[in-house]
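**Student:** Next comes model_10.json, JSON, C-alpha atoms and all ligand atoms:
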```
[["chain", "number", "residue", "atom", "x", "y", "z"],
["A", 1338, "MET", "CA", 116.37, 122.28, 101.92],
["A", 1339, "THR", "CA", 119.21, 122.94, 99.56],
["A", 1340, "HIS", "CA", 119.25, 124.62, 96.20],
["A", 1341, "LEU", "CA", 119.53, 122.70, 93.00],
["A", 1342, "ASP", "CA", 123.00, 123.06, 91.49],
["A", 1343, "VAL", "CA", 122.33, 122.41, 87.82],
["A", 1344, "ALA", "CA", 126.00, 122.63, 86.83],
["A", 1345, "ALA", "CA", 126.94, 119.96, 89.37],
["A", 1346, "LEU", "CA", 124.08, 117.79, 88.21],
["A", 1347, "ALA", "CA", 125.17, 118.19, 84.57],
["A", 1348, "ALA", "CA", 128.71, 117.17, 85.49],
["A", 1349, "ARG", "CA", 127.39, 113.82, 86.74],
["A", 1350, "LEU", "CA", 125.38, 113.11, 83.59],
["A", 1351, "PRO", "CA", 126.28, 112.06, 80.05],
["A", 1352, "ALA", "CA", 125.70, 114.58, 77.25],
["A", 1353, "GLY", "CA", 122.06, 114.67, 76.21],
["A", 1354, "PRO", "CA", 120.78, 112.82, 79.28],
["A", 1355, "ARG", "CA", 117.56, 110.85, 79.11],
["A", 1356, "THR", "CA", 114.93, 111.44, 81.73],
["A", 1357, "ARG", "CA", 111.31, 110.44, 82.01],
["A", 1358, "TYR", "CA", 107.96, 111.80, 83.03],
["A", 1359, "ALA", "CA", 106.14, 108.86, 84.56],
["A", 1360, "PRO", "CA", 102.70, 109.48, 86.05],
["A", 1361, "SER", "CA", 100.61, 106.54, 87.19],
["A", 1362, "PRO", "CA", 97.16, 106.96, 85.68],
["A", 1363, "THR", "CA", 95.17, 106.03, 88.76],
["A", 1364, "GLY", "CA", 93.48, 109.43, 88.84],
["A", 1365, "TYR", "CA", 93.51, 112.84, 87.23],
["A", 1366, "LEU", "CA", 96.61, 115.03, 87.16],
["A", 1367, "HIS", "CA", 96.92, 117.68, 89.88],
["A", 1368, "LEU", "CA", 99.35, 120.46, 90.77],
["A", 1369, "GLY", "CA", 101.86, 117.94, 92.13],
["A", 1370, "HIS", "CA", 102.09, 116.27, 88.72],
["A", 1371, "VAL", "CA", 102.45, 119.65, 87.05],
["A", 1372, "ALA", "CA", 105.27, 120.62, 89.44],
["A", 1373, "ASN", "CA", 107.06, 117.37, 88.59],
["A", 1374, "ALA", "CA", 106.59, 118.14, 84.88],
["A", 1375, "VAL", "CA", 108.13, 121.57, 85.42],
["A", 1376, "MET", "CA", 111.17, 119.89, 86.96],
["A", 1377, "VAL", "CA", 111.42, 117.20, 84.29],
["A", 1378, "TRP", "CA", 111.00, 119.42, 81.24],
["A", 1379, "GLY", "CA", 112.86, 122.34, 82.76],
["A", 1380, "LEU", "CA", 115.95, 120.31, 83.62],
["A", 1381, "ALA", "CA", 115.82, 118.25, 80.42],
["A", 1382, "ARG", "CA", 115.77, 121.40, 78.28],
["A", 1383, "LEU", "CA", 118.49, 123.08, 80.31],
["A", 1384, "LEU", "CA", 120.70, 119.97, 80.11],
["A", 1385, "GLY", "CA", 120.03, 119.34, 76.40],
["A", 1386, "GLY", "CA", 118.33, 116.09, 77.33],
["A", 1387, "ARG", "CA", 115.32, 114.09, 76.21],
["A", 1388, "VAL", "CA", 112.03, 113.34, 77.95],
["A", 1389, "LEU", "CA", 110.38, 109.94, 77.64],
["A", 1390, "LEU", "CA", 106.70, 109.87, 78.60],
["A", 1391, "ARG", "CA", 105.98, 106.65, 80.46],
["A", 1392, "LEU", "CA", 102.53, 105.85, 81.80],
["A", 1393, "GLU", "CA", 103.07, 103.67, 84.85],
["A", 1394, "THR", "CA", 100.23, 101.24, 84.32],
["A", 1395, "HIS", "CA", 101.78, 98.32, 86.22],
["A", 1396, "ASP", "CA", 98.87, 98.38, 88.67],
["A", 1397, "GLN", "CA", 96.28, 97.28, 86.16],
["A", 1398, "VAL", "CA", 93.53, 97.28, 88.74],
["A", 1399, "ARG", "CA", 93.83, 100.92, 89.76],
["A", 1400, "CYS", "CA", 94.92, 102.29, 86.36],
["A", 1401, "ARG", "CA", 92.00, 103.09, 84.11],
["A", 1402, "PRO", "CA", 91.88, 103.88, 80.39],
["A", 1403, "GLU", "CA", 90.00, 107.13, 81.03],
["A", 1404, "TYR", "CA", 92.81, 108.35, 83.29],
["A", 1405, "VAL", "CA", 95.39, 107.48, 80.63],
["A", 1406, "ALA", "CA", 93.42, 109.46, 78.04],
["A", 1407, "ALA", "CA", 92.94, 112.35, 80.47],
["A", 1408, "ALA", "CA", 96.66, 112.48, 81.37],
["A", 1409, "LEU", "CA", 97.64, 112.62, 77.70],
["A", 1410, "GLU", "CA", 95.07, 115.30, 76.98],
["A", 1411, "ASP", "CA", 96.04, 117.39, 80.02],
["A", 1412, "LEU", "CA", 99.76, 117.22, 79.20],
["A", 1413, "ALA", "CA", 99.04, 118.28, 75.61],
["A", 1414, "TRP", "CA", 96.87, 121.14, 76.88],
["A", 1415, "LEU", "CA", 99.58, 122.23, 79.31],
["A", 1416, "GLY", "CA", 102.10, 122.12, 76.46],
["A", 1417, "PHE", "CA", 104.49, 119.50, 77.85],
["A", 1418, "GLU", "CA", 105.53, 117.57, 74.75],
["A", 1419, "PRO", "CA", 107.63, 114.43, 75.26],
["A", 1420, "ASP", "CA", 110.53, 113.64, 72.94],
["A", 1421, "GLU", "CA", 109.62, 109.95, 73.06],
["A", 1422, "GLY", "CA", 106.58, 107.93, 73.98],
["A", 1423, "PRO", "CA", 104.06, 107.55, 75.38],
["A", 1424, "VAL", "CA", 104.94, 104.04, 76.43],
["A", 1425, "ASP", "CA", 103.14, 102.05, 79.12],
["A", 1426, "GLN", "CA", 103.68, 98.92, 81.21],
["A", 1427, "HIS", "CA", 101.09, 96.57, 79.77],
["A", 1428, "ASP", "CA", 103.59, 94.19, 78.17],
["A", 1429, "ALA", "CA", 104.63, 91.89, 81.01],
["A", 1430, "THR", "CA", 107.64, 90.45, 79.17],
["A", 1431, "PRO", "CA", 110.32, 92.80, 80.58],
["A", 1432, "TYR", "CA", 109.08, 92.27, 84.13],
["A", 1433, "ALA", "CA", 108.83, 88.51, 83.77],
["A", 1434, "ASP", "CA", 112.38, 88.52, 82.38],
["A", 1435, "ALA", "CA", 113.59, 90.63, 85.30],
["A", 1436, "LEU", "CA", 111.89, 88.30, 87.76],
["A", 1437, "ALA", "CA", 113.52, 85.28, 86.11],
["A", 1438, "ALA", "CA", 116.94, 86.95, 86.36],
["A", 1439, "LEU", "CA", 116.41, 87.62, 90.06],
["A", 1440, "ARG", "CA", 115.19, 84.08, 90.60],
["A", 1441, "ARG", "CA", 118.40, 82.74, 89.05],
["A", 1442, "LEU", "CA", 120.30, 84.77, 91.65],
["A", 1443, "GLY", "CA", 118.26, 83.20, 94.44],
["A", 1444, "LEU", "CA", 116.73, 86.55, 95.38],
["A", 1445, "VAL", "CA", 113.03, 85.74, 94.98],
["A", 1446, "TYR", "CA", 110.81, 84.00, 97.50],
["A", 1447, "ALA", "CA", 107.11, 83.40, 97.91],
["A", 1448, "CYS", "CA", 105.23, 84.88, 100.86],
["A", 1449, "THR", "CA", 101.80, 84.19, 102.30],
["A", 1450, "CYS", "CA", 101.73, 86.96, 104.91],
["A", 1451, "SER", "CA", 99.13, 89.65, 105.17],
["A", 1452, "ARG", "CA", 99.69, 93.14, 106.54],
["A", 1453, "ARG", "CA", 98.75, 91.83, 109.99],
["A", 1454, "ASP", "CA", 102.16, 90.18, 110.09],
["A", 1455, "TRP", "CA", 104.03, 93.42, 109.58],
["A", 1456, "ALA", "CA", 105.99, 95.32, 112.19],
["A", 1457, "THR", "CA", 106.59, 99.03, 112.40],
["A", 1458, "GLY", "CA", 110.02, 99.77, 110.92],
["A", 1459, "SER", "CA", 112.62, 102.37, 111.82],
["A", 1460, "THR", "CA", 110.92, 104.98, 109.62],
["A", 1461, "GLY", "CA", 107.60, 104.41, 111.37],
["A", 1462, "ALA", "CA", 106.16, 102.81, 108.24],
["A", 1463, "PRO", "CA", 104.95, 99.22, 108.33],
["A", 1464, "ARG", "CA", 107.79, 96.90, 107.54],
["A", 1465, "TYR", "CA", 107.60, 93.35, 106.34],
["A", 1466, "THR", "CA", 109.49, 91.24, 108.84],
["A", 1467, "GLY", "CA", 110.70, 88.59, 106.40],
["A", 1468, "CYS", "CA", 108.91, 85.73, 108.09],
["A", 1469, "CYS", "CA", 108.63, 83.70, 104.86],
["A", 1470, "ARG", "CA", 112.21, 84.41, 103.77],
["A", 1471, "ASP", "CA", 113.55, 81.00, 104.61],
["A", 1472, "ALA", "CA", 110.30, 79.04, 104.52],
["A", 1473, "GLY", "CA", 110.96, 77.71, 101.03],
["A", 1474, "LEU", "CA", 107.35, 78.19, 99.94],
["A", 1475, "ALA", "CA", 106.56, 77.25, 96.36],
["A", 1476, "GLU", "CA", 105.63, 80.09, 94.02],
["A", 1477, "ALA", "CA", 101.92, 79.68, 93.45],
["A", 1478, "THR", "CA", 98.90, 81.67, 92.36],
["A", 1479, "GLY", "CA", 97.73, 83.86, 95.20],
["A", 1480, "ARG", "CA", 101.18, 84.17, 96.74],
["A", 1481, "THR", "CA", 103.22, 87.32, 96.86],
["A", 1482, "LEU", "CA", 106.76, 87.26, 95.46],
["A", 1483, "ARG", "CA", 109.35, 89.22, 97.38],
["A", 1484, "LEU", "CA", 112.91, 90.37, 96.81],
["A", 1485, "ARG", "CA", 115.56, 89.30, 99.27],
["A", 1486, "VAL", "CA", 116.99, 92.74, 100.10],
["A", 1487, "MET", "CA", 120.52, 92.79, 101.48],
["A", 1488, "PRO", "CA", 121.00, 94.93, 104.61],
["A", 1489, "GLN", "CA", 123.81, 97.04, 103.26],
["A", 1490, "ALA", "CA", 124.52, 100.66, 102.41],
["A", 1491, "GLU", "CA", 123.61, 101.81, 98.91],
["A", 1492, "ALA", "CA", 125.10, 104.90, 97.30],
["A", 1493, "PHE", "CA", 123.64, 107.13, 94.63],
["A", 1494, "THR", "CA", 123.89, 110.74, 93.59],
["A", 1495, "ASP", "CA", 121.07, 113.16, 94.18],
["A", 1496, "ALA", "CA", 120.78, 116.84, 93.35],
["A", 1497, "ARG", "CA", 122.50, 117.59, 96.65],
["A", 1498, "GLY", "CA", 125.45, 115.30, 95.86],
["A", 1499, "ALA", "CA", 126.44, 111.83, 97.00],
["A", 1500, "VAL", "CA", 123.91, 110.04, 99.19],
["A", 1501, "VAL", "CA", 124.55, 106.87, 101.14],
["A", 1502, "GLN", "CA", 121.44, 105.14, 102.39],
["A", 1503, "GLN", "CA", 122.80, 103.13, 105.27],
["A", 1504, "ASP", "CA", 120.34, 100.26, 105.21],
["A", 1505, "ALA", "CA", 118.62, 99.49, 101.95],
["A", 1506, "ALA", "CA", 116.68, 96.77, 103.76],
["A", 1507, "ALA", "CA", 115.16, 99.19, 106.28],
["A", 1508, "GLY", "CA", 111.81, 98.91, 104.54],
["A", 1509, "GLY", "CA", 111.90, 95.12, 104.52],
["A", 1510, "ASP", "CA", 111.90, 92.73, 101.58],
["A", 1511, "VAL", "CA", 109.91, 94.57, 98.93],
["A", 1512, "ILE", "CA", 107.23, 93.02, 96.76],
["A", 1513, "LEU", "CA", 108.09, 92.12, 93.17],
["A", 1514, "ARG", "CA", 104.71, 90.70, 92.20],
["A", 1515, "ASP", "CA", 101.68, 90.78, 94.45],
["A", 1516, "ARG", "CA", 99.22, 88.01, 95.23],
["A", 1517, "ASP", "CA", 96.96, 89.20, 92.39],
["A", 1518, "GLY", "CA", 99.83, 88.85, 89.91],
["A", 1519, "LEU", "CA", 100.40, 92.60, 89.57],
["A", 1520, "TRP", "CA", 103.98, 93.83, 89.13],
["A", 1521, "SER", "CA", 105.18, 96.13, 91.86],
["A", 1522, "TYR", "CA", 106.32, 99.70, 91.46],
["A", 1523, "HIS", "CA", 109.84, 98.69, 92.49],
["A", 1524, "LEU", "CA", 110.17, 96.01, 89.83],
["A", 1525, "ALA", "CA", 108.42, 97.87, 87.01],
["A", 1526, "VAL", "CA", 110.19, 101.18, 87.47],
["A", 1527, "THR", "CA", 113.62, 99.63, 87.93],
["A", 1528, "ALA", "CA", 113.31, 97.32, 84.92],
["A", 1529, "ASP", "CA", 111.99, 100.16, 82.76],
["A", 1530, "ASP", "CA", 114.65, 102.66, 83.80],
["A", 1531, "ILE", "CA", 117.29, 100.11, 82.77],
["A", 1532, "ARG", "CA", 115.84, 99.08, 79.41],
["A", 1533, "GLN", "CA", 114.82, 102.63, 78.53],
["A", 1534, "GLN", "CA", 118.34, 103.83, 79.39],
["A", 1535, "ILE", "CA", 117.20, 106.52, 81.80],
["A", 1536, "ASP", "CA", 120.11, 108.64, 83.10],
["A", 1537, "LEU", "CA", 118.17, 110.98, 85.35],
["A", 1538, "VAL", "CA", 115.21, 110.19, 87.61],
["A", 1539, "ILE", "CA", 113.27, 113.24, 88.80],
["A", 1540, "ARG", "CA", 110.59, 112.47, 91.35],
["A", 1541, "GLY", "CA", 109.02, 113.53, 94.61],
["A", 1542, "ALA", "CA", 110.81, 113.40, 97.93],
["A", 1543, "ASP", "CA", 108.33, 110.79, 99.19],
["A", 1544, "LEU", "CA", 110.15, 108.23, 97.04],
["A", 1545, "ILE", "CA", 113.68, 108.76, 98.35],
["A", 1546, "GLU", "CA", 113.23, 105.93, 100.85],
["A", 1547, "ALA", "CA", 112.67, 103.61, 97.88],
["A", 1548, "THR", "CA", 115.86, 104.64, 96.13],
["A", 1549, "GLY", "CA", 118.41, 102.49, 97.97],
["A", 1550, "VAL", "CA", 116.48, 99.31, 97.38],
["A", 1551, "GLN", "CA", 115.95, 100.24, 93.73],
["A", 1552, "VAL", "CA", 119.69, 100.86, 93.32],
["A", 1553, "GLN", "CA", 120.32, 97.39, 94.75],
["A", 1554, "LEU", "CA", 117.61, 95.87, 92.56],
["A", 1555, "ALA", "CA", 119.06, 97.56, 89.45],
["A", 1556, "ARG", "CA", 122.52, 96.22, 90.21],
["A", 1557, "ASN", "CA", 121.08, 92.71, 90.45],
["A", 1558, "LEU", "CA", 119.42, 93.30, 87.09],
["A", 1559, "GLY", "CA", 122.72, 94.27, 85.49],
["A", 1560, "ARG", "CA", 123.01, 98.01, 86.00],
["A", 1561, "PRO", "CA", 126.08, 98.59, 88.19],
["A", 1562, "VAL", "CA", 125.94, 102.40, 88.09],
["A", 1563, "PRO", "CA", 122.57, 103.85, 89.12],
["A", 1564, "PRO", "CA", 120.96, 106.82, 87.39],
["A", 1565, "ALA", "CA", 121.31, 110.27, 88.92],
["A", 1566, "TYR", "CA", 118.36, 111.34, 91.04],
["A", 1567, "VAL", "CA", 116.58, 114.57, 91.82],
["A", 1568, "HIS", "CA", 114.09, 114.17, 94.65],
["A", 1569, "HIS", "CA", 112.11, 117.37, 94.87],
["A", 1570, "ALA", "CA", 109.78, 118.89, 97.43],
["A", 1571, "LEU", "CA", 106.17, 117.82, 97.16],
["A", 1572, "VAL", "CA", 103.29, 120.16, 96.62],
["A", 1573, "THR", "CA", 101.19, 120.02, 99.73],
["A", 1574, "GLY", "CA", 97.61, 121.04, 100.35],
["A", 1575, "SER", "CA", 96.53, 123.69, 102.83],
["A", 1576, "ASP", "CA", 96.56, 120.98, 105.50],
["A", 1577, "GLY", "CA", 100.25, 120.37, 104.84],
["A", 1578, "ARG", "CA", 99.66, 116.90, 103.45],
["A", 1579, "LYS", "CA", 100.63, 115.52, 100.07],
["A", 1580, "LEU", "CA", 98.00, 116.24, 97.44],
["A", 1581, "SER", "CA", 95.71, 113.40, 96.56],
["A", 1582, "LYS", "CA", 94.12, 112.80, 93.24],
["A", 1583, "SER", "CA", 90.72, 113.49, 94.73],
["A", 1584, "ASN", "CA", 91.77, 116.99, 95.80],
["A", 1585, "ARG", "CA", 89.49, 118.90, 93.45],
["A", 1586, "ASP", "CA", 90.73, 122.45, 93.82],
["A", 1587, "THR", "CA", 94.19, 121.47, 92.64],
["A", 1588, "GLY", "CA", 93.14, 119.23, 89.76],
["A", 1589, "VAL", "CA", 94.32, 120.34, 86.31],
["A", 1590, "ARG", "CA", 90.88, 119.67, 84.83],
["A", 1591, "ASP", "CA", 89.13, 121.62, 87.58],
["A", 1592, "MET", "CA", 91.42, 124.63, 87.22],
["A", 1593, "ARG", "CA", 90.97, 124.53, 83.46],
["A", 1594, "ALA", "CA", 87.20, 124.33, 83.84],
["A", 1595, "GLY", "CA", 87.45, 127.30, 86.18],
["A", 1596, "GLY", "CA", 88.97, 129.37, 83.39],
["A", 1597, "ALA", "CA", 92.69, 129.11, 84.17],
["A", 1598, "SER", "CA", 95.08, 129.08, 81.22],
["A", 1599, "ALA", "CA", 97.77, 126.42, 80.88],
["A", 1600, "ALA", "CA", 100.46, 128.96, 81.74],
["A", 1601, "GLU", "CA", 98.55, 130.01, 84.86],
["A", 1602, "VAL", "CA", 98.26, 126.40, 86.03],
["A", 1603, "ILE", "CA", 102.00, 125.86, 85.46],
["A", 1604, "GLY", "CA", 102.80, 129.09, 87.31],
["A", 1605, "ARG", "CA", 100.72, 128.00, 90.30],
["A", 1606, "ALA", "CA", 102.43, 124.61, 90.35],
["A", 1607, "ALA", "CA", 105.92, 126.13, 90.13],
["A", 1608, "TYR", "CA", 105.13, 128.45, 93.02],
["A", 1609, "ALA", "CA", 103.51, 125.72, 95.15],
["A", 1610, "ALA", "CA", 106.60, 123.53, 94.70],
["A", 1611, "GLY", "CA", 108.99, 126.34, 95.59],
["A", 1612, "LEU", "CA", 110.37, 126.47, 92.05],
["A", 1613, "SER", "CA", 109.39, 130.10, 91.60],
["A", 1614, "GLY", "CA", 109.14, 133.02, 93.98],
["A", 1615, "ASN", "CA", 105.78, 134.00, 92.51],
["A", 1616, "ALA", "CA", 102.81, 132.35, 90.84],
["A", 1617, "ASP", "CA", 103.17, 134.27, 87.58],
["A", 1618, "ALA", "CA", 101.95, 132.45, 84.48],
["A", 1619, "ILE", "CA", 104.70, 130.63, 82.61],
["A", 1620, "ALA", "CA", 104.42, 128.58, 79.43],
["A", 1621, "ALA", "CA", 105.58, 124.95, 79.35],
["A", 1622, "ARG", "CA", 108.19, 125.78, 76.70],
["A", 1623, "ALA", "CA", 109.73, 128.41, 79.01],
["A", 1624, "VAL", "CA", 110.08, 126.46, 82.27],
["A", 1625, "ALA", "CA", 113.85, 125.96, 81.89],
["A", 1626, "ARG", "CA", 114.06, 129.64, 82.78],
["A", 1627, "LEU", "CA", 113.08, 128.79, 86.37],
["A", 1628, "PHE", "CA", 116.34, 126.91, 86.78],
["A", 1629, "GLU", "CA", 118.72, 129.31, 85.08],
["A", 1630, "THR", "CA", 117.70, 132.57, 86.77],
["A", 1631, "ARG", "CA", 118.49, 131.51, 90.33],
["A", 1632, "ALA", "CA", 121.30, 133.99, 90.77],
["A", 1633, "ALA", "CA", 119.18, 136.88, 89.57],
["A", 1634, "ALA", "CA", 116.09, 135.89, 91.52],
["A", 1635, "PRO", "CA", 117.08, 134.46, 94.88],
["A", 1636, "HIS", "CA", 113.57, 133.17, 95.61],
["A", 1637, "ALA", "CA", 113.38, 131.21, 92.38],
["A", 1638, "VAL", "CA", 115.13, 128.13, 93.62],
["A", 1639, "ALA", "CA", 114.14, 124.52, 93.51],
["A", 1640, "ARG", "CA", 113.35, 123.05, 96.88],
["A", 1641, "ILE", "CA", 115.25, 119.82, 97.08],
["A", 1642, "LEU", "CA", 115.07, 117.37, 99.90],
["A", 1643, "SER", "CA", 118.16, 117.45, 102.06],
["B", 1701, "ZN", "ZN", 105.72, 86.31, 104.47]]
```
For the file at hand, write its structure as structure tokens.
**Tutor:**
Amino acid sequence: MTHLDVAALAARLPAGPRTRYAPSPTGYLHLGHVANAVMVWGLARLLGGRVLLRLETHDQVRCRPEYVAAALEDLAWLGFEPDEGPVDQHDATPYADALAALRRLGLVYACTCSRRDWATGSTGAPRYTGCCRDAGLAEATGRTLRLRVMPQAEAFTDARGAVVQQDAAAGGDVILRDRDGLWSYHLAVTADDIRQQIDLVIRGADLIEATGVQVQLARNLGRPVPPAYVHHALVTGSDGRKLSKSNRDTGVRDMRAGGASAAEVIGRAAYAAGLSGNADAIAARAVARLFETRAAAPHAVARILS
């Protein structure tokens, strides 16, 4: 773990940087989402930046309208007000355009494999072996479309400084559109971060493995210089695992129903994520304070993946 150096981060960003808060409404918000909001709004306010609220609805099977409504209501109750948005991902045009651009570069291929055909990659996660890469299969309904990922190092800046991910292809050729016609996280988030001119991506450490391939994807879509990244520690449950949306004792709605105030929920999230040395209540409008008092309060430091 290293501490977040806000001055160094600011030096790598344009004035008034744009960041985004981008939950996927496939469930109700929990402490992990609140911790991410503390990071996003806290850093945006400290850096004089703007927050775009983007609902990541690219998975239109798992995203449900009631979760969208609940996320908006919970954020309003917590007091996290975006400067722009909400926007969502229902309009397929930007993703279809991105796919067409990649196809013109010869980077898209159709795949008929199932997960049975996967191998276990270097990270221990299942890795697509690329068996359809050179098969020349026609794009057709019911076929997955994949990105031809180049096995090369990709560089980006994170809160801890310059990062070089040695093999962007370590996770295999990622999906762009699945067999059901749903746009992938990689394609949707990369296309949106480009067109929405996002300078700073603040997200959980579980996504750092996806960053190299997204940097490569963005370059192929016309963004030569990637955004700056902050990958922060995840809030884990008592079993040490990442919180799930079904984890009831850490759900925003459940804590609210149990009588907690918005400031108390935010305080718990900040503490659970290592952003504060205590779980004292803190209002959404005051969270920038957690990042500017580090020198005075040595425990109040952001836990950043290193
Ligand atoms: Zn295949």
**Student:** Find the residues near ligand ZN 1701 (chain B). Use a cut-off of 8 Å, count all atoms listed in the file, and write them as number ranges by chain.
**Tutor:** A: 1447-1451, 1454, 1465-1470
**Student:** Taking (112.5, 126.3, 81.7) in the file's coordinates, which residues come within 10 Å, counting only C-alpha atoms, written as a list in words?
**Tutor:**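 Here is the list of nearby residues: Val1375, Met1376, Val1377, Trp1378, Gly1379, Leu1380, Ala1381, Arg1382, Leu1383, Ile1619, Ala1620, Ala1621, Arg1622, Ala1623, Val1624, Ala1625, Arg1626, Leu1627, Phe1628, Glu1629 and Thr1630 of chain A.
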**Student:** Considering all atoms listed in the file, tabulate each residue of range 1403-1458 of chain A that lies at most 9 Å from range 1357-1362 of chain A along with its nearest interatomic pair and the corresponding distance in Å to one decimal; arrange the rows by chain and ascending residue number and present them as JSON lines.
**Tutor:**
```
{"residue": "A:Glu1403", "atom": "CA", "partner": "A:Pro1362", "partner_atom": "CA", "distance": 8.5}
{"residue": "A:Tyr1404", "atom": "CA", "partner": "A:Pro1362", "partner_atom": "CA", "distance": 5.2}
{"residue": "A:Val1405", "atom": "CA", "partner": "A:Pro1362", "partner_atom": "CA", "distance": 5.4}
{"residue": "A:Ala1406", "atom": "CA", "partner": "A:Pro1362", "partner_atom": "CA", "distance": 8.9}
{"residue": "A:Ala1407", "atom": "CA", "partner": "A:Pro1362", "partner_atom": "CA", "distance": 8.6}
{"residue": "A:Ala1408", "atom": "CA", "partner": "A:Pro1362", "partner_atom": "CA", "distance": 7.0}
{"residue": "A:Pro1419", "atom": "CA", "partner": "A:Tyr1358", "partner_atom": "CA", "distance": 8.2}
```
**Student:** I'd like the neighbourhood of Asp1515 in chain A as a list in words, where a residue qualifies if any of its atoms comes within 9 Å (using all atoms listed in the file), though same-chain residues fewer than 2 positions away should be ignored.
**Tutor:**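 Within the cut-off, the hits are Gly1479, Arg1480, Thr1481, Leu1482, Arg1483, Ile1512, Leu1513, Asp1517, Gly1518, Leu1519, Trp1520 and Ser1521 of chain A.
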**Student:** Name the residues in contact with range 1585-1600 of chain A at a cut-off of 7 Å, using all atoms listed in the file, excluding same-chain residues fewer than 4 positions from it; report them as a VMD selection string.
**Tutor:** chain A and resid 1365 to 1368 1414 to 1415 1604 1618 to 1621
**Student:** Mind pulling up the distance from CA of Ala1525 in chain A to CA of Gln1426 in chain A?
**Tutor:** 7.6 Å
**Student:** So what do you get for CA of Arg1464 in chain A versus CA of Ala1507 in chain A, distance-wise?
**Tutor:**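 Distance between the two atoms: 7.8 Å.
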**Student:** Can you work out which one of A:Leu1390, A:Ala1607, A:Leu1444, A:Ala1475 has the shortest atom-to-atom distance to Val1424 in chain A, counting all atoms listed in the file?
**Tutor:**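 Looking only at the distances to Val1424 in chain A, the closest residue turns out to be A:Leu1390.
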**Student:** Can you measure CA of His1569 in chain A to CA of Arg1540 in chain A for me? One decimal in Å is fine.
**Tutor:**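 About the pair CA of His1569 in chain A and CA of Arg1540 in chain A: they are 6.2 Å apart.
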**Student:** Counting all atoms listed in the file, which residue out of A:Ala1472, A:Val1343, A:Ile1539, A:Val1371 sits closest to Tyr1608 in chain A?
**Tutor:**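 The answer is A:Val1371, which sits nearest to Tyr1608 in chain A.
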**Student:** Would you pick out the contacts of His1568 in chain A at 9 Å or less, using all atoms listed in the file, so that residues sharing its chain but fewer than 5 positions from it are not included, and give the list as a PyMOL selection string?
**Tutor:** chain A and resi 1495-1496+1538-1545+1641-1642
**Student:** Check the smallest atom-to-atom distance from each of A:Gly1353, A:Pro1423, A:Val1567, A:Pro1402 to Gly1498 in chain A using only C-alpha atoms, then report the winner.
**Tutor:**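 The closest residue to Gly1498 in chain A is A:Val1567.
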**Student:** Return the single residue from A:Thr1356, A:Thr1478, A:Thr1494, A:Gln1502 that is closest to Tyr1566 in chain A, with distances computed using only C-alpha atoms.
**Tutor:** A:Thr1494
**Student:** Go through A:Leu1341, A:Leu1384, A:Leu1409, A:Ala1528 and flag the residue nearest Leu1436 in chain A, using all atoms listed in the file for the distances.
**Tutor:**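 Counting all atoms listed in the file, the residue closest to Leu1436 in chain A is A:Ala1528.
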